[in-house]
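Trainee: Structure file model_31.txt (compact mmCIF, C-alpha atoms) is given on the next line.
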# COMPACT_ATOMS: atom_id res chain seq x y z
CA MET A 513 0.00 0.00 0.00
CA SER A 514 1.40 3.38 -1.02
CA LEU A 515 2.03 6.23 1.38
CA VAL A 516 -0.75 8.30 -0.25
CA GLN A 517 -3.30 5.48 0.15
CA THR A 518 -2.32 5.08 3.81
CA TYR A 519 -2.60 8.84 4.34
CA ARG A 520 -6.13 8.87 2.87
CA LYS A 521 -7.42 6.33 5.37
CA PRO A 522 -9.84 8.16 7.76
CA LYS A 523 -7.99 7.11 10.93
CA VAL A 524 -4.57 8.11 9.61
CA PHE A 525 -5.92 11.36 8.18
CA GLY A 526 -7.69 12.13 11.46
CA LEU A 527 -4.51 11.64 13.46
CA THR A 528 -2.61 13.83 10.99
CA VAL A 529 -5.18 16.60 11.40
CA LEU A 530 -5.00 16.27 15.18
CA ALA A 531 -1.22 16.57 15.03
CA ALA A 532 -1.57 19.66 12.82
CA LEU A 533 -3.91 21.20 15.40
CA VAL A 534 -1.41 20.71 18.22
CA LEU A 535 1.62 21.80 16.20
CA GLY A 536 -0.26 24.80 14.79
CA ALA A 537 -1.27 25.98 18.26
CA LEU A 538 2.34 25.59 19.44
CA ALA A 539 3.65 27.47 16.40
CA GLY A 540 1.14 30.27 16.96
CA TRP A 541 2.13 30.58 20.60
CA LEU A 542 5.85 30.61 19.82
CA GLY A 543 5.51 32.75 16.69
CA LYS A 544 3.42 35.57 18.11
CA GLY A 545 5.06 38.87 17.18
CA THR A 546 7.71 37.18 15.01
CA TRP A 547 8.13 36.47 11.29
CA LEU A 548 6.28 33.18 11.80
CA ALA A 549 2.92 34.86 12.51
CA PRO A 550 2.42 36.32 8.98
CA VAL A 551 3.58 33.01 7.45
CA LEU A 552 0.91 31.14 9.41
CA ALA A 553 -1.68 33.73 8.34
CA TRP A 554 -0.62 33.30 4.68
CA ILE A 555 -0.93 29.52 4.85
CA GLY A 556 -4.36 29.68 6.52
CA SER A 557 -5.61 32.40 4.17
CA ASN A 558 -4.69 30.53 1.00
CA PHE A 559 -6.20 27.28 2.27
CA THR A 560 -9.42 29.15 3.02
CA LYS A 561 -9.41 30.64 -0.49
CA LEU A 562 -9.09 27.17 -1.99
CA LEU A 563 -12.08 26.01 0.04
CA GLN A 564 -14.18 29.04 -0.88
CA LEU A 565 -13.35 28.48 -4.54
CA THR A 566 -15.37 25.26 -4.56
CA VAL A 567 -18.35 26.20 -2.37
CA ILE A 568 -20.61 27.80 -5.03
CA PRO A 569 -20.22 25.13 -7.76
CA LEU A 570 -20.40 22.37 -5.14
CA VAL A 571 -23.62 23.65 -3.56
CA PHE A 572 -25.33 24.23 -6.92
CA THR A 573 -24.46 20.89 -8.49
CA ALA A 574 -25.10 18.93 -5.28
CA ILE A 575 -28.61 20.33 -4.82
CA VAL A 576 -29.58 19.87 -8.48
CA VAL A 577 -28.29 16.30 -8.51
CA GLY A 578 -29.85 15.60 -5.13
CA ILE A 579 -33.35 16.75 -6.14
CA ALA A 580 -33.12 14.90 -9.45
CA SER A 581 -32.08 11.76 -7.56
CA LEU A 582 -35.37 11.76 -5.64
CA ARG A 583 -37.03 10.37 -8.80
CA HIS A 584 -35.36 7.04 -8.04
CA LEU A 585 -37.02 6.91 -4.60
CA GLY A 586 -40.61 7.04 -5.84
CA GLY A 587 -43.12 9.49 -7.26
CA GLY A 588 -43.85 13.11 -6.48
CA ARG A 589 -45.64 12.28 -3.24
CA THR A 590 -42.58 10.45 -1.95
CA ALA A 591 -40.34 13.38 -2.85
CA ALA A 592 -42.72 15.85 -1.17
CA ARG A 593 -42.92 13.69 1.95
CA LEU A 594 -39.14 13.37 2.17
CA GLY A 595 -38.67 17.11 1.71
CA GLY A 596 -41.36 17.88 4.28
CA LYS A 597 -39.90 15.51 6.88
CA THR A 598 -36.41 16.86 6.30
CA PHE A 599 -37.50 20.46 6.86
CA LEU A 600 -39.64 19.42 9.85
CA TRP A 601 -36.63 17.86 11.56
CA PHE A 602 -34.52 20.87 10.66
CA GLY A 603 -37.07 22.99 12.54
CA ILE A 604 -37.37 20.61 15.51
CA THR A 605 -33.63 20.42 16.09
CA SER A 606 -33.30 24.21 15.65
CA LEU A 607 -35.96 24.68 18.34
CA ILE A 608 -34.13 22.35 20.73
CA ALA A 609 -30.80 24.06 19.99
CA VAL A 610 -32.07 27.60 20.59
CA LEU A 611 -33.75 26.56 23.86
CA ILE A 612 -30.44 25.07 25.01
CA GLY A 613 -28.68 28.30 24.03
CA LEU A 614 -31.16 30.34 26.08
CA ALA A 615 -30.80 27.99 29.05
CA VAL A 616 -27.01 28.19 28.98
CA GLY A 617 -27.19 31.98 28.66
CA ALA A 618 -29.61 32.23 31.59
CA VAL A 619 -27.44 30.05 33.83
CA LEU A 620 -23.97 31.37 32.94
CA LYS A 621 -25.06 35.00 32.36
CA PRO A 622 -22.25 35.76 29.87
CA GLY A 623 -21.29 39.42 29.64
CA GLN A 624 -22.54 40.34 33.11
CA GLY A 625 -20.10 42.71 34.78
CA VAL A 626 -17.92 42.93 31.66
CA HIS A 627 -16.80 46.33 30.35
CA ILE A 628 -15.36 46.51 26.84
CA ASP A 629 -14.86 49.46 24.50
CA PRO A 630 -14.40 48.19 20.94
CA ALA A 631 -12.46 50.26 18.44
CA ALA A 632 -14.59 53.05 16.97
CA GLY A 633 -13.55 52.02 13.47
CA ALA A 634 -14.86 48.51 14.00
CA VAL A 635 -18.21 49.80 15.23
CA ASP A 636 -18.57 52.21 12.30
CA LYS A 637 -17.61 49.52 9.80
CA LEU A 638 -20.17 47.04 11.10
CA ALA A 639 -22.84 49.74 11.48
CA LYS A 640 -22.59 50.35 7.72
CA ARG A 641 -22.92 46.64 6.94
CA ALA A 642 -26.44 45.50 6.03
CA SER A 643 -28.04 44.00 9.13
CA GLY A 644 -30.32 41.00 9.02
CA SER A 645 -34.06 41.58 8.69
CA TRP A 646 -37.01 39.57 7.45
CA SER A 647 -37.52 41.90 4.49
CA THR A 648 -33.82 41.83 3.57
CA LEU A 649 -33.74 38.04 3.70
CA PHE A 650 -36.67 37.65 1.34
CA ASP A 651 -35.71 40.60 -0.88
CA ASN A 652 -32.26 39.09 -1.41
CA LEU A 653 -33.56 35.58 -2.00
CA ILE A 654 -34.32 36.08 -5.72
CA PRO A 655 -31.41 37.32 -7.84
CA SER A 656 -32.02 40.01 -10.45
CA ASN A 657 -29.51 38.25 -12.68
CA ILE A 658 -28.95 34.51 -12.69
CA PHE A 659 -25.23 34.95 -13.33
CA SER A 660 -24.66 37.60 -10.64
CA ALA A 661 -25.59 35.11 -7.91
CA PHE A 662 -22.63 32.96 -8.97
CA THR A 663 -20.13 35.73 -9.71
CA GLU A 664 -20.87 37.56 -6.46
CA GLY A 665 -20.83 34.38 -4.39
CA ASP A 666 -24.34 34.80 -2.92
CA VAL A 667 -24.89 31.29 -1.57
CA LEU A 668 -28.55 31.83 -0.66
CA GLN A 669 -29.42 32.96 -4.19
CA VAL A 670 -27.46 30.05 -5.65
CA VAL A 671 -29.49 27.69 -3.45
CA PHE A 672 -32.72 29.28 -4.71
CA ILE A 673 -31.64 28.84 -8.34
CA ALA A 674 -30.45 25.27 -7.69
CA VAL A 675 -33.78 24.30 -6.12
CA LEU A 676 -35.73 25.72 -9.08
CA VAL A 677 -33.47 24.02 -11.62
CA GLY A 678 -33.49 20.76 -9.65
CA PHE A 679 -37.28 20.54 -9.46
CA ALA A 680 -37.57 21.52 -13.13
CA ALA A 681 -35.22 18.67 -14.03
CA TYR A 682 -37.22 16.35 -11.75
CA ALA A 683 -40.48 17.34 -13.45
CA LEU A 684 -39.11 16.87 -16.97
CA GLY A 685 -37.75 13.42 -16.20
CA GLU A 686 -36.09 11.75 -19.18
CA LYS A 687 -36.23 14.96 -21.23
CA ALA A 688 -33.80 16.54 -18.77
CA ALA A 689 -31.58 13.46 -18.54
CA PRO A 690 -28.75 14.94 -20.69
CA PHE A 691 -28.68 18.08 -18.53
CA THR A 692 -28.85 16.09 -15.30
CA ASN A 693 -26.03 13.83 -16.44
CA LEU A 694 -23.93 16.88 -17.33
CA VAL A 695 -24.52 18.44 -13.90
CA ARG A 696 -23.78 15.11 -12.22
CA SER A 697 -20.48 14.89 -14.11
CA PHE A 698 -19.64 18.46 -13.07
CA PHE A 699 -20.55 17.56 -9.49
CA ASP A 700 -18.14 14.61 -9.63
CA ILE A 701 -15.41 16.88 -11.03
CA VAL A 702 -15.92 19.46 -8.27
CA GLN A 703 -15.86 16.71 -5.64
CA LYS A 704 -12.59 15.44 -7.07
CA VAL A 705 -11.08 18.94 -6.78
CA VAL A 706 -12.41 19.26 -3.23
CA GLY A 707 -10.87 15.89 -2.46
CA TRP A 708 -7.47 17.14 -3.50
CA ILE A 709 -7.91 20.28 -1.39
CA ILE A 710 -8.96 18.24 1.63
CA LEU A 711 -5.74 16.25 1.36
CA LEU A 712 -3.96 19.55 2.05
CA ALA A 713 -6.04 20.03 5.22
CA PRO A 714 -3.26 19.33 7.75
CA ILE A 715 -1.14 22.09 6.19
CA GLY A 716 -4.08 24.50 6.07
CA ILE A 717 -5.12 23.61 9.61
CA PHE A 718 -1.58 24.20 10.84
CA GLY A 719 -1.78 27.75 9.44
CA LEU A 720 -5.37 28.46 10.52
CA ILE A 721 -4.91 27.34 14.12
CA GLY A 722 -1.46 28.92 14.35
CA ASN A 723 -2.79 32.25 13.10
CA ALA A 724 -5.75 32.08 15.50
CA VAL A 725 -3.48 31.48 18.50
CA ALA A 726 -1.01 34.16 17.41
CA THR A 727 -3.81 36.68 16.80
CA TYR A 728 -6.31 36.00 19.57
CA GLY A 729 -4.13 34.67 22.32
CA ASN A 730 -4.06 38.06 24.02
CA SER A 731 -5.70 39.98 26.82
CA PHE A 732 -8.65 41.00 24.65
CA VAL A 733 -9.97 37.45 24.76
CA ARG A 734 -10.15 37.35 28.55
CA PRO A 735 -13.14 39.72 28.95
CA LEU A 736 -14.97 37.65 26.33
CA PHE A 737 -14.14 34.35 27.96
CA SER A 738 -17.67 34.03 29.37
CA LEU A 739 -19.09 34.23 25.84
CA ILE A 740 -16.63 31.63 24.54
CA VAL A 741 -17.49 29.24 27.38
CA ALA A 742 -21.25 29.73 26.92
CA VAL A 743 -21.13 29.18 23.14
CA TYR A 744 -18.90 26.12 23.42
CA LEU A 745 -21.02 24.65 26.23
CA GLY A 746 -24.30 25.20 24.39
CA THR A 747 -23.03 23.76 21.12
CA ALA A 748 -21.33 20.86 22.93
CA ILE A 749 -24.64 19.91 24.57
CA VAL A 750 -26.33 19.88 21.16
CA LEU A 751 -23.44 17.99 19.54
CA PHE A 752 -22.74 15.42 22.25
CA VAL A 753 -26.15 15.06 23.96
CA VAL A 754 -29.05 16.08 21.70
CA TYR A 755 -27.83 14.46 18.49
CA PRO A 756 -26.79 11.17 20.16
CA VAL A 757 -30.20 10.93 21.88
CA LEU A 758 -32.02 11.49 18.57
CA LEU A 759 -29.76 9.00 16.82
CA LYS A 760 -30.20 6.37 19.54
CA PHE A 761 -33.95 6.54 20.05
CA VAL A 762 -35.27 7.88 16.73
CA GLY A 763 -32.61 7.04 14.16
CA LYS A 764 -31.83 3.67 15.82
CA VAL A 765 -28.14 4.25 15.20
CA SER A 766 -25.41 3.85 17.81
CA PRO A 767 -23.97 7.25 18.79
CA VAL A 768 -20.54 5.61 18.98
CA GLU A 769 -20.93 4.41 15.40
CA PHE A 770 -22.17 7.86 14.36
CA PHE A 771 -19.11 9.65 15.74
CA ARG A 772 -16.77 6.97 14.43
CA LYS A 773 -18.00 7.47 10.87
CA SER A 774 -18.60 11.22 10.98
CA TRP A 775 -15.73 12.42 13.18
CA THR A 776 -13.48 13.25 10.23
CA ALA A 777 -16.18 15.53 8.79
CA ILE A 778 -16.87 17.16 12.18
CA GLN A 779 -13.16 17.65 12.81
CA PHE A 780 -12.61 19.14 9.35
CA ALA A 781 -15.59 21.47 9.83
CA PHE A 782 -14.12 22.66 13.13
CA VAL A 783 -10.85 23.78 11.60
CA SER A 784 -12.07 24.87 8.14
CA ARG A 785 -15.12 26.77 9.48
CA SER A 786 -17.00 25.89 6.30
CA SER A 787 -20.02 23.62 6.01
CA GLY A 788 -19.85 23.92 2.24
CA ALA A 789 -16.25 22.77 2.01
CA THR A 790 -17.09 19.86 4.34
CA LEU A 791 -20.01 18.73 2.15
CA PRO A 792 -18.22 15.76 0.49
CA LEU A 793 -17.15 14.45 3.90
CA SER A 794 -20.64 15.02 5.37
CA ARG A 795 -22.28 13.20 2.47
CA LYS A 796 -19.82 10.32 2.81
CA ALA A 797 -20.50 10.10 6.55
CA ALA A 798 -24.27 9.89 5.93
CA THR A 799 -23.90 7.10 3.36
CA ASP A 800 -21.39 5.28 5.59
CA LEU A 801 -24.10 5.33 8.27
CA GLY A 802 -26.42 3.54 5.85
CA VAL A 803 -28.45 6.43 4.40
CA SER A 804 -29.39 5.68 0.78
CA GLN A 805 -27.20 7.58 -1.66
CA GLU A 806 -30.21 9.10 -3.47
CA TYR A 807 -31.63 10.64 -0.31
CA ALA A 808 -28.20 11.65 1.02
CA ASN A 809 -27.56 13.47 -2.26
CA PHE A 810 -30.65 15.57 -1.54
CA ALA A 811 -30.69 16.04 2.22
CA VAL A 812 -27.02 16.67 3.03
CA PRO A 813 -26.46 19.47 0.47
CA LEU A 814 -29.77 21.05 1.51
CA GLY A 815 -28.71 20.87 5.14
CA THR A 816 -25.34 22.39 4.31
CA THR A 817 -27.07 25.66 3.40
CA THR A 818 -30.09 25.70 5.73
CA LYS A 819 -29.31 23.48 8.73
CA MET A 820 -27.19 25.54 11.14
CA ASP A 821 -27.90 24.74 14.77
CA GLY A 822 -24.58 26.26 15.81
CA CYS A 823 -24.64 29.48 13.78
CA ALA A 824 -28.39 30.06 13.60
CA ALA A 825 -29.72 28.75 16.92
CA VAL A 826 -27.29 28.35 19.83
CA TYR A 827 -25.01 31.24 18.93
CA PRO A 828 -27.64 33.99 18.33
CA ALA A 829 -29.33 33.04 21.61
CA VAL A 830 -26.13 33.13 23.67
CA ALA A 831 -24.68 36.20 21.91
CA THR A 832 -27.93 38.15 22.30
CA ILE A 833 -27.96 37.48 26.04
CA PHE A 834 -24.25 38.43 26.20
CA ILE A 835 -24.85 41.75 24.41
CA ALA A 836 -27.90 42.51 26.56
CA ASN A 837 -25.90 41.83 29.74
CA LEU A 838 -23.01 43.89 28.38
CA PHE A 839 -25.28 46.96 28.22
CA GLY A 840 -27.34 46.14 31.32
CA ILE A 841 -30.53 45.43 29.33
CA GLN A 842 -33.08 43.12 30.93
CA LEU A 843 -34.77 40.97 28.28
CA SER A 844 -38.51 40.35 28.55
CA VAL A 845 -40.36 37.07 28.04
CA TRP A 846 -41.57 38.23 24.62
CA GLN A 847 -38.02 39.06 23.59
CA TYR A 848 -37.01 35.51 24.46
CA VAL A 849 -39.94 34.27 22.35
CA GLY A 850 -38.62 36.44 19.51
CA ILE A 851 -35.18 34.82 19.78
CA VAL A 852 -36.79 31.37 19.49
CA ALA A 853 -38.94 32.39 16.51
CA VAL A 854 -35.97 33.78 14.60
CA ALA A 855 -33.90 30.63 15.26
CA VAL A 856 -36.64 28.27 14.05
CA PHE A 857 -37.87 30.18 11.00
CA GLY A 858 -34.88 32.34 10.13
CA ALA A 859 -32.51 29.38 9.92
CA PHE A 860 -34.11 28.38 6.62
CA ALA A 861 -33.03 31.72 5.15
CA THR A 862 -29.37 31.66 6.16
CA ALA A 863 -26.60 30.29 4.04
CA GLY A 864 -22.84 30.20 3.75
CA THR A 865 -20.29 32.01 5.88
CA THR A 866 -22.52 35.08 6.45
CA GLY A 867 -25.20 33.03 8.19
CA TRP A 868 -24.09 33.84 11.75
CA TYR A 869 -24.00 37.62 11.09
CA THR A 870 -27.42 37.62 9.42
CA MET A 871 -28.96 35.56 12.20
CA LEU A 872 -27.39 37.56 15.03
CA THR A 873 -28.31 40.99 13.67
CA LEU A 874 -31.76 39.71 12.68
CA THR A 875 -32.29 38.43 16.23
CA LEU A 876 -31.06 41.65 17.83
CA GLY A 877 -33.27 43.69 15.50
CA VAL A 878 -36.40 41.58 16.04
CA ILE A 879 -36.21 41.90 19.83
CA GLY A 880 -35.89 45.69 19.47
CA LEU A 881 -32.39 46.51 20.71
CA PRO A 882 -31.21 50.04 19.75
CA PRO A 883 -29.10 50.28 16.54
CA GLN A 884 -26.06 51.61 18.42
CA VAL A 885 -26.24 48.72 20.89
CA ILE A 886 -26.47 46.27 17.99
CA ALA A 887 -23.49 47.81 16.16
CA THR A 888 -21.33 48.00 19.28
CA GLY A 889 -22.32 44.55 20.53
CA VAL A 890 -21.64 42.88 17.19
CA ALA A 891 -18.27 44.68 16.99
CA VAL A 892 -17.34 43.18 20.36
CA VAL A 893 -18.26 39.57 19.50
CA TYR A 894 -16.86 39.91 15.98
CA ALA A 895 -13.37 40.28 17.43
CA ILE A 896 -13.28 36.62 18.48
CA ASP A 897 -15.60 35.23 15.80
CA PRO A 898 -13.04 32.75 14.36
CA ILE A 899 -12.74 31.08 17.78
CA LEU A 900 -16.52 30.80 18.10
CA ASP A 901 -17.05 29.79 14.48
CA MET A 902 -15.00 26.62 14.84
CA MET A 903 -17.39 25.00 17.29
CA ARG A 904 -20.47 26.50 15.62
CA THR A 905 -19.54 24.97 12.27
CA ALA A 906 -18.70 21.58 13.77
CA THR A 907 -22.17 21.54 15.35
CA ASN A 908 -23.76 22.61 12.07
CA VAL A 909 -22.14 19.72 10.20
CA ALA A 910 -23.06 17.14 12.85
CA GLY A 911 -26.70 18.24 12.51
CA GLN A 912 -26.47 18.07 8.72
CA ILE A 913 -25.53 14.39 9.06
CA THR A 914 -27.92 13.57 11.94
CA VAL A 915 -31.18 14.71 10.33
CA PRO A 916 -30.77 12.63 7.14
CA VAL A 917 -30.12 9.58 9.33
CA VAL A 918 -33.27 10.22 11.38
CA VAL A 919 -35.48 10.83 8.33
CA ALA A 920 -34.00 7.90 6.41
CA ARG A 921 -34.84 5.60 9.31
CA SER A 922 -38.48 6.71 9.31
CA GLU A 923 -38.70 6.12 5.55
CA GLY A 924 -36.86 2.80 5.45
CA LEU A 925 -34.04 4.35 3.45
CA ILE A 926 -31.23 3.26 5.73
CA GLU A 927 -29.16 0.11 5.56
CA ASP A 928 -27.96 -1.13 8.93
CA GLY A 929 -24.36 -2.22 9.08
CA ALA A 930 -23.39 -0.43 5.88
CA PRO A 931 -19.61 -0.69 5.47
CA ALA A 932 -17.67 2.56 5.61
CA GLU A 933 -15.51 3.47 2.65
CA LYS A 934 -11.91 2.51 3.28
CA GLU A 935 -10.57 5.82 2.04
CA LEU A 936 -11.39 9.35 3.12
CA ILE A 937 -12.65 10.34 -0.32
CA ASN A 938 -11.99 9.29 -3.87
CA ALA A 939 -9.18 11.78 -4.15
What would you get if you wrote out this structure as structure tokens?
Mentor:
Amino acid sequence: MSLVQTYRKPKVFGLTVLAALVLGALAGWLGKGTWLAPVLAWIGSNFTKLLQLTVIPLVFTAIVVGIASLRHLGGGRTAARLGGKTFLWFGITSLIAVLIGLAVGAVLKPGQGVHIDPAAGAVDKLAKRASGSWSTLFDNLIPSNIFSAFTEGDVLQVVFIAVLVGFAAYALGEKAAPFTNLVRSFFDIVQKVVGWIILLAPIGIFGLIGNAVATYGNSFVRPLFSLIVAVYLGTAIVLFVVYPVLLKFVGKVSPVEFFRKSWTAIQFAFVSRSSGATLPLSRKAATDLGVSQEYANFAVPLGTTTKMDGCAAVYPAVATIFIANLFGIQLSVWQYVGIVAVAVFGAFATAGTTGWYTMLTLTLGVIGLPPQVIATGVAVVYAIDPILDMMRTATNVAGQITVPVVVARSEGLIEDGAPAEKELINA
């Protein structure tokens, strides 16, 4: 067996990534304020660019292929039922996640007694950025130009176009077969490219973690430590308690088996901070757990853009409480209800790397916090966003694998004891 084949084995790759995490953190700690810090930033930045390069084509082709694949699972009623159940479980798990976020925030009271003055430039910059609102979400859903959605990298608009195209191809059936086959071939090509990029993950992770430690390992993090603890605790409860319970009692899948087959995807999501870039690994994890390939092709890509329990549920709840405590604002019962409503319904309208910002500002706006409080509060939490985003994204990806397993079980679309692929990906 060649060295490359050994390296691509999930266990070996996982250990390599873990080693890169440790070495990157050490390099960041030792390299702070030296020539090594910008080198680490350069490595991490270029790895992130490679990942972002594939997100738009991957999301579009995966959703189109996934919807078209539903034809092999039955008629239109079957497709509608699968889609309805998938979205229902997205909503249920979002509700559970936001309630956990509120509970953690209420118990830990992050931000209470903390005094921070963010840089005026940061506040002004974020104040000028478009905040999340219901009208903005729906106004921006439909692109004015089909090509601009792709060239400008608007993931939500790309998802909208992909869903329309996918259902059109589904409705046309054999007439659309040449187009569907072309998109499927393009999807395979994009996955191959992503596979090559993923093989570079240990190098990229070394730079990303090293840069994070070199940049954020300073006194500014200490006042925000309560927020970091609250976000990590809330997401950890969802990741290591809620999902395993659902898998055990609803999905009838061993939590140990789930983490064994999905840990590489979760780990990669943690360090890459990108659900889209993790999509091939998430899809592989779902099929390794026995989910039929046709349904996994539909549910996992859809979840990648709309299923964000970390970014769109736990985090907005905890961060809103943190910002309210930071300014001495006492939230009312109806404001808590507003936080829950935004998490459950707004999650379907978030996508890509901007999801957390949209959801947080939408939540803060819905509960009626003053604009200056919103701008200042977001500027404060934005300073440590990369640290928070790691755990948020890992939780997102775990949920994007869990829901397809649960739905597949209820529909008889799961094969117990399905063998895992021997290699990480077909790279």
Trainee: Counting only C-alpha atoms, which residue out of A:Glu923, A:Asp821, A:Glu806, A:Asp928 sits closest to Val743 of chain A?
Mentor: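 With only C-alpha atoms as the atom set, the closest residue is A:Asp821.
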Trainee: Between A:Ser660, A:Gln564, A:Thr528, A:Thr907, which has the minimum distance to Ile709 of chain A (counting all atoms listed in the file)?
Mentor: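 Closest to Ile709 of chain A, using all atoms listed in the file: A:Gln564.
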Trainee: Smallest atom-to-atom distance to Phe672 of chain A: which of A:Val577, A:Leu814, A:Val893, A:Val918, using only C-alpha atoms?
Mentor: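 Ranking A:Val577, A:Leu814, A:Val893, A:Val918 by distance to Phe672 of chain A, first place goes to A:Leu814.
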Trainee: May I ask which of the residues A:Ala553, A:Leu570, A:Met902, A:Ile879 is the closest one to Ile701 of chain A, counting all atoms listed in the file?
Mentor: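 So, comparing all the options, the nearest one is A:Leu570.
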Trainee: Which polymer residues, whether protein, DNA or RNA, lie within 12 Å of the coordinate (3.4, 26.6, 15.9) when you count only C-alpha atoms? List them as JSON, numbers by chain, using the chain letters and numbers from the file.
Mentor: {"A": [531, 532, 533, 534, 535, 536, 537, 538, 539, 540, 541, 542, 543, 544, 546, 547, 548, 549, 550, 551, 552, 553, 715, 717, 718, 719, 720, 721, 722, 723, 724, 725, 726]}
Trainee: So, counting only C-alpha atoms, which residue among A:Lys621, A:Ser606, A:Val675, A:Thr598 is closest to Ile833 of chain A?
Mentor: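 Once distances to Ile833 of chain A are computed over only C-alpha atoms, the minimum belongs to A:Lys621.
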Trainee: Would you please work out which residue, of A:Ala683, A:Thr816, A:Ser557, A:Gly526, is nearest to Phe572 of chain A when using all atoms listed in the file?
Mentor: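 Ranking A:Ala683, A:Thr816, A:Ser557, A:Gly526 by distance to Phe572 of chain A, first place goes to A:Thr816.
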Trainee: Between atom CA of Lys523 of chain A and atom CA of Leu801 of chain A, what is the distance, to one decimal in Å?
Mentor: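 Result for atom CA of Lys523 of chain A versus atom CA of Leu801 of chain A: 16.4 Å, one decimal.
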Trainee: Using atom CA of Ile835 of chain A and atom CA of Tyr869 of chain A as the two end points, give the distance in Å to one decimal.
Mentor: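 Rounded to one decimal, the two atoms are 14.0 Å apart.
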Trainee: Excluding Met820 of chain A and any residue of its chain fewer than 4 positions from it, enumerate the residues within 8 Å of it, using all atoms listed in the file, and give them as an NGL selection string.
Mentor: :A and (606 or 815-816 or 824-825 or 859 or 905 or 907-909 or 911-912)
Trainee: Between atom CA of Leu881 of chain A and atom CA of Pro622 of chain A, what distance in Å does the model show, to one decimal?
Mentor: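 Interatomic distance here is 17.4 Å.
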Trainee: So that I can check the surroundings of Leu843 of chain A, please list as a list in words every protein, DNA and RNA residue that reaches within 12 Å of it, counting all atoms listed in the file and ignoring chain neighbours fewer than 4 positions away.
Mentor: Leu614, Gly617, Ala618, Ala829, Thr832, Ile833, Phe834, Ile835, Ala836, Asn837, Phe839, Gln847, Tyr848, Val849, Gly850, Ile851, Leu876, Ile879, Gly880 and Leu881 of chain A
Trainee: Could I get segment 593-603 of chain A rebuilt with N, CA, C and O atoms, written as a compact mmCIF listing (two decimals), keeping the file's coordinate frame?
Mentor:
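Dumped everything to part08.txt:
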# COMPACT_ATOMS: atom_id res chain seq x y z
N ARG A 593 -42.95 14.16 0.57
CA ARG A 593 -42.92 13.69 1.95
C ARG A 593 -41.50 13.74 2.52
O ARG A 593 -41.29 14.17 3.66
N LEU A 594 -40.53 13.32 1.73
CA LEU A 594 -39.14 13.37 2.17
C LEU A 594 -38.69 14.80 2.44
O LEU A 594 -38.05 15.08 3.46
N GLY A 595 -39.03 15.70 1.51
CA GLY A 595 -38.67 17.11 1.71
C GLY A 595 -39.34 17.69 2.94
O GLY A 595 -38.71 18.41 3.72
N GLY A 596 -40.63 17.37 3.12
CA GLY A 596 -41.36 17.88 4.28
C GLY A 596 -40.79 17.37 5.59
O GLY A 596 -40.61 18.14 6.55
N LYS A 597 -40.47 16.08 5.66
CA LYS A 597 -39.90 15.51 6.88
C LYS A 597 -38.53 16.11 7.17
O LYS A 597 -38.18 16.37 8.33
N THR A 598 -37.75 16.30 6.12
CA THR A 598 -36.41 16.86 6.30
C THR A 598 -36.49 18.25 6.90
O THR A 598 -35.80 18.57 7.89
N PHE A 599 -37.35 19.10 6.33
CA PHE A 599 -37.50 20.46 6.86
C PHE A 599 -38.12 20.45 8.26
O PHE A 599 -37.77 21.30 9.09
N LEU A 600 -39.03 19.52 8.52
CA LEU A 600 -39.64 19.42 9.85
C LEU A 600 -38.57 19.13 10.90
O LEU A 600 -38.52 19.78 11.96
N TRP A 601 -37.68 18.19 10.60
CA TRP A 601 -36.63 17.86 11.56
C TRP A 601 -35.59 18.96 11.66
O TRP A 601 -35.01 19.17 12.73
N PHE A 602 -35.37 19.69 10.57
CA PHE A 602 -34.52 20.87 10.66
C PHE A 602 -35.09 21.84 11.69
O PHE A 602 -34.37 22.39 12.53
N GLY A 603 -36.41 22.06 11.61
CA GLY A 603 -37.07 22.99 12.54
C GLY A 603 -37.06 22.49 13.97
O GLY A 603 -36.83 23.26 14.91
